[in-house]
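Source file: run-v3.txt; contents: compact mmCIF, C-alpha atoms.
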```txt
# COMPACT_ATOMS: atom_id res chain seq x y z
CA MET A 1 12.73 -15.20 -27.87
CA SER A 2 9.16 -16.43 -27.49
CA ILE A 3 6.02 -14.30 -27.69
CA ALA A 4 5.60 -14.51 -23.91
CA THR A 5 9.09 -13.17 -23.31
CA VAL A 6 8.48 -10.32 -25.76
CA PHE A 7 5.38 -9.39 -23.75
CA GLU A 8 7.39 -9.49 -20.54
CA VAL A 9 10.14 -7.30 -21.97
CA VAL A 10 7.59 -4.76 -23.25
CA LEU A 11 5.74 -4.73 -19.92
CA ALA A 12 8.97 -4.27 -17.95
CA THR A 13 10.06 -1.46 -20.29
CA VAL A 14 6.76 0.39 -19.96
CA VAL A 15 6.82 0.01 -16.16
CA LEU A 16 10.36 1.37 -16.01
CA GLY A 17 9.34 4.17 -18.38
CA PHE A 18 6.65 5.26 -15.93
CA GLY A 19 9.10 4.82 -13.05
CA PHE A 20 11.60 7.05 -14.82
CA TRP A 21 8.94 9.63 -15.65
CA THR A 22 7.73 9.63 -12.03
CA THR A 23 11.27 10.36 -10.87
CA ALA A 24 12.22 12.92 -13.51
CA VAL A 25 9.06 14.93 -14.29
CA ARG A 26 9.06 18.50 -13.00
CA LYS A 27 5.56 18.82 -11.57
CA THR A 28 4.68 16.86 -8.42
CA TYR A 29 1.11 16.31 -9.58
CA SER A 30 2.38 14.67 -12.79
CA ALA A 31 4.67 12.48 -10.70
CA ALA A 32 1.66 11.33 -8.66
CA VAL A 33 -0.25 10.53 -11.87
CA GLY A 34 2.79 8.63 -13.14
CA PHE A 35 2.94 6.67 -9.90
CA VAL A 36 -0.70 5.55 -10.26
CA ALA A 37 0.01 4.23 -13.77
CA TYR A 38 3.21 2.63 -12.51
CA GLY A 39 1.37 0.91 -9.64
CA LEU A 40 -1.34 -0.50 -11.89
CA LEU A 41 1.21 -1.87 -14.37
CA VAL A 42 3.26 -3.40 -11.55
CA ALA A 43 0.06 -5.27 -10.67
CA LEU A 44 0.19 -6.78 -14.18
CA ILE A 45 3.75 -7.95 -13.49
CA TRP A 46 2.46 -9.70 -10.37
CA VAL A 47 -0.15 -11.49 -12.48
CA ARG A 48 2.63 -12.66 -14.80
CA LEU A 49 4.54 -13.89 -11.75
CA ASP A 50 1.54 -16.08 -10.87
CA ALA A 51 0.84 -14.11 -7.70
CA VAL A 52 -2.73 -12.94 -8.26
CA ASP A 53 -3.33 -12.23 -4.57
CA VAL A 54 -0.44 -9.78 -4.55
CA ALA A 55 -1.60 -8.30 -7.87
CA LEU A 56 -5.01 -7.53 -6.36
CA THR A 57 -3.40 -5.94 -3.29
CA GLU A 58 -0.95 -3.93 -5.38
CA ALA A 59 -3.69 -2.63 -7.68
CA ALA A 60 -6.19 -1.85 -4.91
CA ILE A 61 -3.94 -0.48 -2.18
CA SER A 62 -0.70 0.71 -3.77
CA GLY A 63 -1.97 1.92 -7.14
CA GLY A 64 -5.56 2.78 -6.18
CA LEU A 65 -5.73 4.11 -2.62
CA GLY A 66 -2.06 5.15 -2.60
CA GLY A 67 -2.65 7.04 -5.83
CA VAL A 68 -5.63 8.91 -4.37
CA LEU A 69 -3.54 9.78 -1.31
CA LEU A 70 -0.66 11.13 -3.41
CA LEU A 71 -2.91 13.02 -5.83
CA GLY A 72 -4.79 14.63 -2.93
CA ALA A 73 -1.56 15.66 -1.23
CA ALA A 74 -0.07 16.96 -4.50
CA ALA A 75 -3.17 19.08 -5.12
CA ARG A 76 -3.09 20.56 -1.62
CA LEU A 77 0.67 21.24 -1.76
CA ARG A 78 0.59 22.75 -5.23
CA ASP A 79 1.22 26.23 -3.82
CA SER A 80 4.46 25.12 -2.22
CA GLU A 81 5.83 23.90 -5.54
CA THR A 82 7.89 26.97 -6.38
CA THR A 83 9.17 27.63 -2.88
CA ALA A 84 11.24 24.49 -2.39
CA ALA A 85 13.99 25.44 -4.78
CA GLU A 86 16.94 24.04 -2.89
CA ALA A 87 17.85 21.59 -5.65
CA PRO A 88 20.98 19.55 -4.99
CA GLY A 89 24.20 20.42 -6.82
CA ASN A 90 25.69 18.53 -9.72
CA LEU A 91 28.16 16.72 -7.47
CA THR A 92 25.35 15.37 -5.27
CA ARG A 93 23.41 14.32 -8.36
CA ALA A 94 26.41 12.52 -9.81
CA CYS A 95 27.14 10.72 -6.53
CA ALA A 96 23.48 9.72 -6.18
CA ALA A 97 23.47 8.44 -9.77
CA VAL A 98 26.63 6.37 -9.21
CA LEU A 99 25.26 4.95 -5.95
CA SER A 100 21.89 4.08 -7.52
CA VAL A 101 23.50 2.44 -10.56
CA LEU A 102 25.80 0.40 -8.31
CA ILE A 103 22.93 -0.81 -6.13
CA ALA A 104 20.74 -1.60 -9.17
CA ALA A 105 23.67 -3.48 -10.77
CA ALA A 106 24.31 -5.45 -7.59
CA LEU A 107 20.64 -6.45 -7.35
CA ALA A 108 20.52 -7.32 -11.06
CA GLY A 109 23.65 -9.46 -10.62
CA ALA A 110 22.06 -11.20 -7.65
CA VAL A 111 18.94 -11.95 -9.72
CA TRP A 112 21.07 -13.18 -12.60
CA LEU A 113 23.20 -15.47 -10.44
CA LEU A 114 20.44 -17.03 -8.33
CA PRO A 115 21.19 -20.70 -7.58
CA GLU A 116 19.64 -23.33 -9.83
CA HIS A 117 17.50 -24.99 -7.16
CA ALA A 118 15.39 -22.45 -5.36
CA PRO A 119 14.27 -23.18 -1.80
CA THR A 120 10.49 -23.31 -1.48
CA LEU A 121 7.92 -23.83 1.25
CA ALA A 122 5.08 -24.53 -1.19
CA PRO A 123 5.04 -28.35 -0.73
CA ARG A 124 4.85 -28.03 3.06
CA ILE A 125 1.97 -25.56 2.76
CA VAL A 126 0.07 -27.93 0.46
CA ALA A 127 0.79 -30.82 2.81
CA ASN A 128 -0.59 -28.93 5.83
CA ALA A 129 -3.57 -27.29 4.12
CA TRP A 130 -5.94 -29.91 5.62
CA ALA A 131 -5.53 -28.30 9.05
CA THR A 132 -7.48 -25.18 8.09
CA SER A 133 -9.62 -26.50 5.18
CA LEU A 134 -8.82 -23.33 3.21
CA ALA A 135 -7.82 -23.95 -0.40
CA ASN A 136 -6.01 -20.64 -1.04
CA PRO A 137 -2.40 -21.18 0.06
CA VAL A 138 -1.76 -17.45 0.51
CA THR A 139 -4.74 -17.05 2.86
CA ASN A 140 -3.46 -20.11 4.71
CA VAL A 141 -0.09 -18.45 5.22
CA LEU A 142 -1.63 -15.09 6.16
CA MET A 143 -4.25 -16.39 8.57
CA ALA A 144 -2.73 -19.58 9.97
CA PHE A 145 0.91 -20.41 9.29
CA ARG A 146 2.21 -16.87 9.73
CA ALA A 147 -0.78 -15.39 11.54
CA MET A 148 1.55 -13.48 13.87
CA ASP A 149 2.71 -11.25 10.98
CA THR A 150 -0.86 -10.44 10.02
CA MET A 151 -1.86 -9.65 13.59
CA LEU A 152 1.11 -7.35 14.11
CA GLU A 153 0.35 -5.67 10.81
CA LYS A 154 -3.13 -4.82 12.13
CA VAL A 155 -1.39 -3.22 15.11
CA VAL A 156 0.82 -1.22 12.70
CA LEU A 157 -2.32 0.08 10.95
CA LEU A 158 -3.73 1.08 14.34
CA LEU A 159 -0.49 2.88 15.26
CA ALA A 160 -0.52 4.70 11.92
CA ILE A 161 -4.07 5.96 12.49
CA ILE A 162 -3.13 7.10 16.02
CA GLY A 163 -0.15 8.91 14.52
CA VAL A 164 -2.29 10.63 11.88
CA TRP A 165 -4.94 11.66 14.40
CA SER A 166 -2.36 13.08 16.78
CA LEU A 167 -1.46 15.65 14.13
CA ALA A 168 -4.79 17.41 14.65
CA PRO A 169 -4.60 21.07 15.70
CA ASP A 170 -5.96 21.77 19.19
CA THR A 171 -9.18 23.29 17.86
CA ALA A 172 -10.04 20.19 15.82
CA TRP A 173 -9.07 17.58 18.42
CA GLY A 174 -11.46 14.65 18.13
CA GLY A 175 -13.15 16.33 15.17
CA ARG A 176 -13.85 15.26 11.61
CA PRO A 177 -10.86 14.32 9.39
CA GLY A 178 -10.13 16.06 6.13
CA PRO A 179 -11.73 19.04 4.44
CA CYS A 180 -15.47 19.28 3.85
CA HIS A 181 -16.18 17.96 0.35
CA ARG A 182 -18.82 19.71 -1.72
CA ALA A 183 -19.62 18.43 -5.18
CA ASP A 184 -22.33 19.40 -7.62
CA PRO A 185 -25.29 17.24 -6.48
CA ASN A 186 -26.25 16.73 -10.13
CA GLY A 187 -22.69 16.22 -11.35
CA VAL A 188 -20.93 13.11 -12.59
CA LEU A 189 -19.12 12.51 -9.30
CA ALA A 190 -22.33 12.52 -7.26
CA PHE A 191 -23.95 10.29 -9.88
CA LEU A 192 -21.11 7.76 -9.72
CA ALA A 193 -21.09 7.92 -5.93
CA ARG A 194 -24.73 6.82 -5.99
CA LEU A 195 -24.29 4.24 -8.76
CA LEU A 196 -21.06 2.46 -7.81
CA PRO A 197 -21.21 1.72 -4.04
CA PRO A 198 -23.96 -0.97 -4.21
CA VAL A 199 -21.94 -2.81 -6.86
CA GLY A 200 -18.62 -2.09 -5.15
CA ILE A 201 -19.81 -3.34 -1.77
CA VAL A 202 -20.97 -6.63 -3.31
CA VAL A 203 -17.66 -6.99 -5.19
CA GLY A 204 -15.68 -6.19 -2.01
CA ILE A 205 -17.56 -8.81 0.03
CA TYR A 206 -17.21 -11.33 -2.81
CA VAL A 207 -13.44 -10.77 -3.05
CA PHE A 208 -13.22 -11.25 0.72
CA TRP A 209 -15.40 -14.40 0.76
CA THR A 210 -13.74 -16.06 -2.22
CA GLY A 211 -10.33 -15.48 -0.60
CA ALA A 212 -10.74 -18.74 1.31
CA ASP A 213 -10.35 -20.81 -1.85
CA HIS A 214 -9.33 -18.44 -4.66
CA PRO A 215 -7.23 -15.28 -4.97
CA GLY A 216 -8.69 -12.55 -2.79
CA GLY A 217 -9.03 -11.92 0.90
CA ALA A 218 -9.66 -9.40 3.63
CA PHE A 219 -7.04 -6.86 2.48
CA GLN A 220 -8.24 -6.66 -1.10
CA GLY A 221 -11.92 -6.71 -0.12
CA GLY A 222 -11.33 -4.13 2.61
CA ALA A 223 -9.57 -1.82 0.15
CA ILE A 224 -12.55 -2.00 -2.23
CA LEU A 225 -15.00 -1.25 0.60
CA ALA A 226 -12.82 1.67 1.73
CA SER A 227 -12.77 3.12 -1.78
CA MET A 228 -16.59 2.97 -1.97
CA TRP A 229 -16.83 4.80 1.35
CA LEU A 230 -14.33 7.43 0.15
CA LEU A 231 -16.25 7.90 -3.09
CA ALA A 232 -19.38 8.78 -1.13
CA ILE A 233 -17.34 11.16 1.08
CA MET A 234 -15.65 12.89 -1.86
CA ALA A 235 -18.98 13.41 -3.60
CA GLY A 236 -20.30 15.11 -0.46
CA LEU A 237 -23.00 12.45 0.08
CA ALA A 238 -21.49 11.42 3.41
CA ASP A 239 -19.14 13.08 5.88
CA THR A 240 -16.15 11.61 7.65
CA PRO A 241 -17.10 10.54 11.20
CA ALA A 242 -15.69 12.51 14.12
CA THR A 243 -12.65 10.69 15.47
CA SER A 244 -13.99 10.87 19.02
CA ARG A 245 -16.93 8.56 18.20
CA ARG A 246 -16.92 5.43 20.31
CA TRP A 247 -18.39 3.12 17.61
CA LEU A 248 -15.62 4.17 15.22
CA ARG A 249 -12.93 3.32 17.73
CA CYS A 250 -14.62 -0.04 18.42
CA ILE A 251 -14.46 -0.89 14.69
CA LEU A 252 -10.81 0.16 14.56
CA ILE A 253 -9.80 -2.22 17.34
CA ALA A 254 -12.22 -5.05 16.39
CA GLY A 255 -9.78 -6.77 13.98
CA PRO A 256 -6.60 -6.80 16.07
CA GLY A 257 -8.64 -7.25 19.28
CA LEU A 258 -10.41 -10.40 18.10
CA PHE A 259 -7.19 -11.71 16.56
CA LEU A 260 -5.37 -11.24 19.86
CA ALA A 261 -8.24 -12.82 21.83
CA VAL A 262 -8.25 -15.91 19.59
CA GLY A 263 -4.46 -16.07 19.83
CA LEU A 264 -4.56 -15.98 23.63
CA GLY A 265 -7.36 -18.56 23.53
CA GLY A 266 -5.00 -20.81 21.58
CA LEU A 267 -2.44 -20.38 24.34
CA TRP A 268 -5.05 -21.20 26.99
CA PHE A 269 -6.85 -24.15 25.39
CA GLY A 270 -4.41 -25.31 22.75
CA SER A 271 -0.74 -25.74 22.40
CA ALA A 272 0.58 -22.33 21.41
CA PHE A 273 -0.24 -18.67 20.83
CA LEU A 274 -2.50 -18.40 17.73
CA ALA A 275 -2.84 -22.21 17.48
CA TYR A 276 -6.37 -22.88 16.23
CA PRO A 277 -7.97 -26.18 17.27
CA ALA A 278 -8.24 -28.11 13.97
CA ALA A 279 -11.99 -28.72 14.32
CA TYR A 280 -12.80 -24.99 14.63
CA ALA A 281 -10.01 -23.59 12.46
CA LYS A 282 -12.15 -22.45 9.55
CA PRO A 283 -14.95 -20.78 11.59
CA LEU A 284 -12.36 -19.05 13.78
CA ILE A 285 -10.40 -17.78 10.74
CA LEU A 286 -13.60 -16.58 9.08
CA GLY A 287 -14.64 -14.78 12.26
CA ILE A 288 -11.27 -13.03 12.51
CA GLU A 289 -11.46 -12.12 8.83
CA VAL A 290 -14.93 -10.58 9.18
CA ALA A 291 -13.68 -8.37 12.02
CA MET A 292 -10.52 -7.65 10.03
CA ILE A 293 -12.25 -6.55 6.84
CA LEU A 294 -14.29 -3.98 8.82
CA THR A 295 -11.15 -2.73 10.55
CA ILE A 296 -9.16 -2.64 7.31
CA ALA A 297 -11.87 -0.76 5.41
CA ALA A 298 -12.30 1.79 8.22
CA THR A 299 -8.54 2.22 8.76
CA LEU A 300 -7.65 2.60 5.08
CA GLY A 301 -10.48 5.11 4.60
CA LEU A 302 -9.48 7.14 7.65
CA LEU A 303 -5.78 7.06 6.74
CA LEU A 304 -6.75 8.60 3.40
CA ALA A 305 -9.04 11.15 5.04
CA GLY A 306 -6.08 12.42 7.09
CA ALA A 307 -5.82 14.32 10.35
CA PRO A 308 -8.91 15.86 11.98
CA GLU A 309 -9.38 19.40 10.65
CA ARG A 310 -12.90 20.40 11.69
CA SER A 311 -14.26 20.42 15.23
CA VAL A 312 -17.40 18.42 15.90
CA LYS A 313 -19.59 21.51 16.27
CA MET B 314 15.13 -20.74 -14.76
CA THR B 315 12.27 -19.02 -16.55
CA SER B 316 13.46 -16.06 -18.54
CA GLY B 317 10.29 -14.06 -17.80
CA ALA B 318 11.06 -13.95 -14.10
CA THR B 319 14.60 -12.82 -14.91
CA VAL B 320 13.29 -9.93 -17.01
CA PHE B 321 11.09 -8.80 -14.12
CA GLY B 322 13.99 -9.29 -11.71
CA LEU B 323 16.13 -6.89 -13.74
CA CYS B 324 13.13 -4.51 -13.92
CA ALA B 325 12.85 -4.65 -10.10
CA ALA B 326 16.57 -3.91 -9.71
CA VAL B 327 16.28 -0.83 -11.95
CA ALA B 328 13.15 0.31 -10.06
CA VAL B 329 15.11 0.17 -6.80
CA GLY B 330 17.88 2.26 -8.40
CA LEU B 331 15.39 4.80 -9.81
CA GLY B 332 13.63 5.11 -6.47
CA LEU B 333 16.90 5.59 -4.61
CA TYR B 334 18.06 8.28 -7.06
CA GLY B 335 14.74 10.12 -6.76
CA LEU B 336 14.83 9.84 -2.97
CA ILE B 337 18.26 11.51 -2.80
CA THR B 338 17.98 14.15 -5.51
CA ASN B 339 14.34 15.38 -5.34
CA PRO B 340 14.24 18.26 -2.85
CA GLN B 341 10.47 18.18 -2.27
CA PRO B 342 9.30 15.85 0.52
CA LEU B 343 6.27 14.61 -1.45
CA ARG B 344 8.58 13.61 -4.32
CA LYS B 345 10.77 11.78 -1.84
CA ILE B 346 7.70 9.88 -0.58
CA ILE B 347 6.76 8.90 -4.15
CA ALA B 348 10.35 7.85 -4.90
CA PHE B 349 10.40 5.79 -1.71
CA ASN B 350 7.28 3.98 -2.87
CA VAL B 351 8.92 3.21 -6.23
CA LEU B 352 11.91 1.84 -4.35
CA GLY B 353 9.62 -0.24 -2.14
CA SER B 354 7.71 -1.70 -5.07
CA GLY B 355 11.04 -2.76 -6.59
CA VAL B 356 11.93 -4.59 -3.38
CA PHE B 357 8.52 -6.30 -3.34
CA LEU B 358 9.01 -7.36 -6.96
CA LEU B 359 12.34 -8.96 -6.06
CA PHE B 360 10.43 -11.04 -3.50
CA GLY B 361 8.00 -12.05 -6.23
CA VAL B 362 10.78 -13.02 -8.63
CA VAL B 363 12.52 -15.18 -6.04
CA GLY B 364 9.16 -16.68 -5.02
CA ARG B 365 8.36 -17.46 -8.67
CA ARG B 366 11.40 -19.68 -8.77
CA GLY B 367 10.05 -21.51 -5.74
CA ALA B 368 7.02 -22.67 -7.72
CA ALA B 369 6.23 -26.20 -6.61
CA ALA B 370 3.39 -28.56 -5.71
CA GLY B 371 1.07 -27.01 -8.28
CA ILE B 372 1.46 -23.46 -6.88
CA GLY B 373 2.98 -20.99 -9.34
CA ASN B 374 4.68 -18.81 -6.74
CA ASP B 375 5.91 -19.64 -3.23
CA PRO B 376 3.01 -18.50 -0.97
CA VAL B 377 5.20 -17.38 1.95
CA PRO B 378 6.91 -14.45 0.16
CA GLN B 379 3.52 -13.62 -1.39
CA ALA B 380 1.98 -13.29 2.07
CA LEU B 381 4.96 -11.22 3.25
CA VAL B 382 4.55 -8.86 0.27
CA ILE B 383 0.81 -8.44 0.91
CA THR B 384 1.59 -7.50 4.51
CA GLY B 385 4.38 -5.24 3.27
CA VAL B 386 2.18 -3.39 0.75
CA VAL B 387 -0.36 -2.56 3.47
CA VAL B 388 2.34 -1.42 5.91
CA ALA B 389 3.97 0.71 3.18
CA PHE B 390 0.60 2.35 2.51
CA ALA B 391 0.12 3.08 6.23
CA ALA B 392 3.62 4.60 6.45
CA THR B 393 2.98 6.71 3.33
CA ALA B 394 -0.30 7.99 4.79
CA LEU B 395 1.44 8.95 8.03
CA ALA B 396 4.27 10.70 6.14
CA ILE B 397 1.78 12.66 4.04
CA ALA B 398 -0.24 13.65 7.12
CA LEU B 399 2.99 14.97 8.70
CA LEU B 400 3.81 16.86 5.53
CA LEU B 401 0.36 18.44 5.25
CA ARG B 402 0.55 19.51 8.90
CA LEU B 403 3.98 21.04 8.28
CA PHE B 404 2.58 22.96 5.32
CA GLN B 405 -0.44 24.07 7.36
CA LYS B 406 1.81 25.27 10.19
CA THR B 407 4.62 26.97 8.28
CA GLY B 408 3.25 27.57 4.78
CA THR B 409 6.15 25.71 3.22
CA THR B 410 7.26 22.11 2.89
CA THR B 411 11.00 22.63 2.73
CA LEU B 412 13.25 20.24 4.63
CA CYS B 413 16.10 22.74 4.54
CA SER B 414 16.60 24.23 8.00
CA ASP B 415 18.21 27.52 6.89
CA VAL B 416 15.49 28.56 4.45
CA ARG B 417 13.35 31.03 6.39
CA PRO B 418 9.62 30.26 6.16
CA SER B 419 8.97 34.02 5.94
CA ALA B 420 10.92 34.19 2.70
CA CYS B 421 8.46 31.92 1.00
CA SER B 422 5.31 32.10 3.12
CA ASP B 423 2.76 32.83 0.47
CA PRO B 424 0.27 30.05 1.00
CA SER B 425 -2.33 31.95 -1.01
CA GLY B 426 -0.41 30.89 -4.08
CA ASP B 427 0.12 32.56 -7.42
```

Now, as a test, write the supplied structure out as structure tokens.
Amino acid sequence: MSIATVFEVVLATVVLGFGFWTTAVRKTYSAAVGFVAYGLLVALIWVRLDAVDVALTEAAISGGLGGVLLLGAAARLRDSETTAAEAPGNLTRACAAVLSVLIAAALAGAVWLLPEHAPTLAPRIVANAWATSLANPVTNVLMAFRAMDTMLEKVVLLLAIIGVWSLAPDTAWGGRPGPCHRADPNGVLAFLARLLPPVGIVVGIYVFWTGADHPGGAFQGGAILASMWLLAIMAGLADTPATSRRWLRCILIAGPGLFLAVGLGGLWFGSAFLAYPAAYAKPLILGIEVAMILTIAATLGLLLAGAPERSVK
Amino acid sequence: MTSGATVFGLCAAVAVGLGLYGLITNPQPLRKIIAFNVLGSGVFLLFGVVGRRGAAAGIGNDPVPQALVITGVVVAFAATALAIALLLRLFQKTGTTTLCSDVRPSACSDPSGD
């Protein structure tokens, strides 16, 4: 067993340890903390799997923003902890354990018995990379070769935000999402919320810009921008915008709207839906990505802020 | 076949099992949401392990499953946010987060806490 394999075994064990703790610990808040640690360590596994783009996404969105979401919800639901005492019986637990072990064993067997020669699309992606003049193969897949997936995913984000906003009580319809945050103006949180955003915004834009040729992209950059925005909101330096604002809604539809327009343009001038003319491929993709990063940052931030709770007045 | 990818593949399989067990046995909805995310991350890791074996042409991991996982992580986050918003609204409305239909909200409506 080489040193590298030892590292991999230790990493996998620690990840599963956190996964087990997240499932078994009694308090929901502790489970949320465990999930954050789990998510960040899973990002390390992605680095070891040579998928740095996914590692960045996993750390920023799943571990980072997802962790904030779960911690916030766990804190607000803390009072309901004792009431939900309808724990399943031993028979249910045993059946669930048997089912889970069987499914885990089947998946493990499938991993173990994978065929010797794996199918791969990597050579075809390298061969066709000239068409977009982007050097990052993952961005190529996301923005060009499977652009349809990415566009529909923007629509899913939009649907999710519509779903969250529709949960507003009648009095707060179109109002500001989430509770009003008040922090000590001289405290550490307010200090960090003044110190970090200038750096974070530069890092977010860099991660987005470098995504054309190196690991990074609009999702990862957008998640960093969203977290800077949320930091300012949580420190009470800024407030969430009222959901009835027209400029906010324009930002939310900018990404999918421009994507769809370019796609239809491809149908009109080119050969197929979302077919970029080779001469303008890179400027078009960059334009879509600029609109997308704004939409992603706004959507992720607003998804975290939750349903409108305060009326505009 | 690289042994490192196999180790992570087994890890992903166990994560799916853990998530499934937590999803079934934890009575609290928020715990179910967390368990579902553990399950989902296990599925994503399986993609990564299979993609790692498709390393070719100087790329260490097949880019197509990578792109699918990036899309999947964002969609999973959006679904989690929607589920939590529903849960918080349920708590706001009834003072409890139970999924059990025969537990009366009045029996446990003490949102002021302990």

List every residue of chain B that has an atom at most 6 Å from any atom of chain A, giving for each one its closest atom pair and the distance in Å to one decimal, counting only C-alpha atoms, sorted by chain and then by ascending residue number, as a Markdown table.
```
| residue | atom | partner | partner_atom | distance |
| --- | --- | --- | --- | --- |
| B:Gly317 | CA | A:Thr5 | CA | 5.7 |
| B:Gly322 | CA | A:Val111 | CA | 6.0 |
| B:Leu323 | CA | A:Ala108 | CA | 5.2 |
| B:Cys324 | CA | A:Ala12 | CA | 5.8 |
| B:Ala326 | CA | A:Ala104 | CA | 4.8 |
| B:Val327 | CA | A:Ala104 | CA | 5.3 |
| B:Gly330 | CA | A:Ser100 | CA | 4.5 |
| B:Leu333 | CA | A:Ser100 | CA | 6.0 |
| B:Tyr334 | CA | A:Ala96 | CA | 5.7 |
| B:Gly335 | CA | A:Thr23 | CA | 5.4 |
| B:Pro340 | CA | A:Ala87 | CA | 5.7 |
| B:Arg366 | CA | A:Ala118 | CA | 5.9 |
| B:Gly367 | CA | A:Thr120 | CA | 4.6 |
| B:Ala369 | CA | A:Ala122 | CA | 5.8 |
| B:Ala370 | CA | A:Pro123 | CA | 5.3 |
| B:Gly373 | CA | A:Asp50 | CA | 5.3 |
| B:Asn374 | CA | A:Asp50 | CA | 5.9 |
| B:Asp375 | CA | A:Ala122 | CA | 5.4 |
| B:Pro376 | CA | A:Val138 | CA | 5.1 |
| B:Ala380 | CA | A:Leu142 | CA | 5.7 |
| B:Ile383 | CA | A:Val54 | CA | 5.8 |
| B:Ala391 | CA | A:Ala160 | CA | 6.0 |
| B:Ala394 | CA | A:Leu303 | CA | 5.9 |
| B:Leu395 | CA | A:Val164 | CA | 5.6 |
| B:Ala398 | CA | A:Gly306 | CA | 6.0 |
| B:Thr409 | CA | A:Ser80 | CA | 5.7 |
| B:Thr411 | CA | A:Ala84 | CA | 5.5 |
| B:Cys421 | CA | A:Thr83 | CA | 5.8 |
| B:Gly426 | CA | A:Asp79 | CA | 4.9 |
```

Quick one: pull the distance between CA of Asn350 in chain B and CA of Ala392 in chain B, Å, one decimal.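 These atoms are spaced 10.0 Å apart.
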
Between CA of Asn339 in chain B and CA of Gln405 in chain B, distance in Å (one decimal):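 Rounded to one decimal, the two atoms are 21.3 Å apart.
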
List as a list in words the protein and nucleic acid residues near range 240-246 of chain A, meaning an atom at most 6 Å away when all atoms listed in the file are counted, but skip any in the same chain fewer than 2 places from it.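 Here the qualifying residues turn out to be Gly174, Gly175, Arg176, Leu248 and Arg249 of chain A.
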
Measure the distance from CA of Gly263 in chain A to CA of Ile285 in chain A in Å and round it to one decimal.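 That distance, rounded to one decimal, is 11.0 Å.
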
Counting only C-alpha atoms, which residues sit no farther than 12 Å from the position (-14.6, -19.6, 12.4) in the file's frame? I'd like them as a ChimeraX atom specification. /A:132-134,143,212,258-259,262,276-291

Could you check the closest approach to Ile397 in chain B for each of B:Thr384, B:Ala318, B:Leu359, B:Pro342 and tell me which residue wins, using all atoms listed in the file?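 Closest to Ile397 in chain B of all the choices is B:Pro342.
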
Please reconstruct the missing atoms of range 384-397 of chain B (target: N, CA and C atoms) and return them as a PDB file, keeping the file's coordinate frame.
```pdb
ATOM      1  N   THR B 384       1.441  -8.226   3.251  1.00  0.00           N
ATOM      2  CA  THR B 384       1.590  -7.500   4.510  1.00  0.00           C
ATOM      3  C   THR B 384       2.414  -6.233   4.283  1.00  0.00           C
ATOM      4  N   GLY B 385       3.489  -6.374   3.502  1.00  0.00           N
ATOM      5  CA  GLY B 385       4.380  -5.240   3.270  1.00  0.00           C
ATOM      6  C   GLY B 385       3.701  -4.105   2.523  1.00  0.00           C
ATOM      7  N   VAL B 386       2.865  -4.435   1.536  1.00  0.00           N
ATOM      8  CA  VAL B 386       2.180  -3.390   0.750  1.00  0.00           C
ATOM      9  C   VAL B 386       1.270  -2.572   1.675  1.00  0.00           C
ATOM     10  N   VAL B 387       0.557  -3.281   2.580  1.00  0.00           N
ATOM     11  CA  VAL B 387      -0.360  -2.560   3.470  1.00  0.00           C
ATOM     12  C   VAL B 387       0.434  -1.685   4.445  1.00  0.00           C
ATOM     13  N   VAL B 388       1.533  -2.206   4.969  1.00  0.00           N
ATOM     14  CA  VAL B 388       2.340  -1.420   5.910  1.00  0.00           C
ATOM     15  C   VAL B 388       2.955  -0.213   5.190  1.00  0.00           C
ATOM     16  N   ALA B 389       3.400  -0.409   3.942  1.00  0.00           N
ATOM     17  CA  ALA B 389       3.970   0.710   3.180  1.00  0.00           C
ATOM     18  C   ALA B 389       2.918   1.792   2.957  1.00  0.00           C
ATOM     19  N   PHE B 390       1.674   1.371   2.695  1.00  0.00           N
ATOM     20  CA  PHE B 390       0.600   2.350   2.510  1.00  0.00           C
ATOM     21  C   PHE B 390       0.364   3.124   3.815  1.00  0.00           C
ATOM     22  N   ALA B 391       0.354   2.410   4.946  1.00  0.00           N
ATOM     23  CA  ALA B 391       0.120   3.080   6.230  1.00  0.00           C
ATOM     24  C   ALA B 391       1.242   4.086   6.506  1.00  0.00           C
ATOM     25  N   ALA B 392       2.488   3.697   6.206  1.00  0.00           N
ATOM     26  CA  ALA B 392       3.620   4.600   6.450  1.00  0.00           C
ATOM     27  C   ALA B 392       3.532   5.813   5.532  1.00  0.00           C
ATOM     28  N   THR B 393       3.134   5.590   4.266  1.00  0.00           N
ATOM     29  CA  THR B 393       2.980   6.710   3.330  1.00  0.00           C
ATOM     30  C   THR B 393       1.910   7.673   3.822  1.00  0.00           C
ATOM     31  N   ALA B 394       0.781   7.123   4.306  1.00  0.00           N
ATOM     32  CA  ALA B 394      -0.300   7.990   4.790  1.00  0.00           C
ATOM     33  C   ALA B 394       0.168   8.822   5.969  1.00  0.00           C
ATOM     34  N   LEU B 395       0.943   8.206   6.867  1.00  0.00           N
ATOM     35  CA  LEU B 395       1.440   8.950   8.030  1.00  0.00           C
ATOM     36  C   LEU B 395       2.416  10.039   7.586  1.00  0.00           C
ATOM     37  N   ALA B 396       3.297   9.706   6.630  1.00  0.00           N
ATOM     38  CA  ALA B 396       4.270  10.700   6.140  1.00  0.00           C
ATOM     39  C   ALA B 396       3.542  11.871   5.489  1.00  0.00           C
ATOM     40  N   ILE B 397       2.497  11.582   4.723  1.00  0.00           N
ATOM     41  CA  ILE B 397       1.780  12.660   4.040  1.00  0.00           C
ATOM     42  C   ILE B 397       1.016  13.503   5.048  1.00  0.00           C
TER      43      ILE B 397
END
```
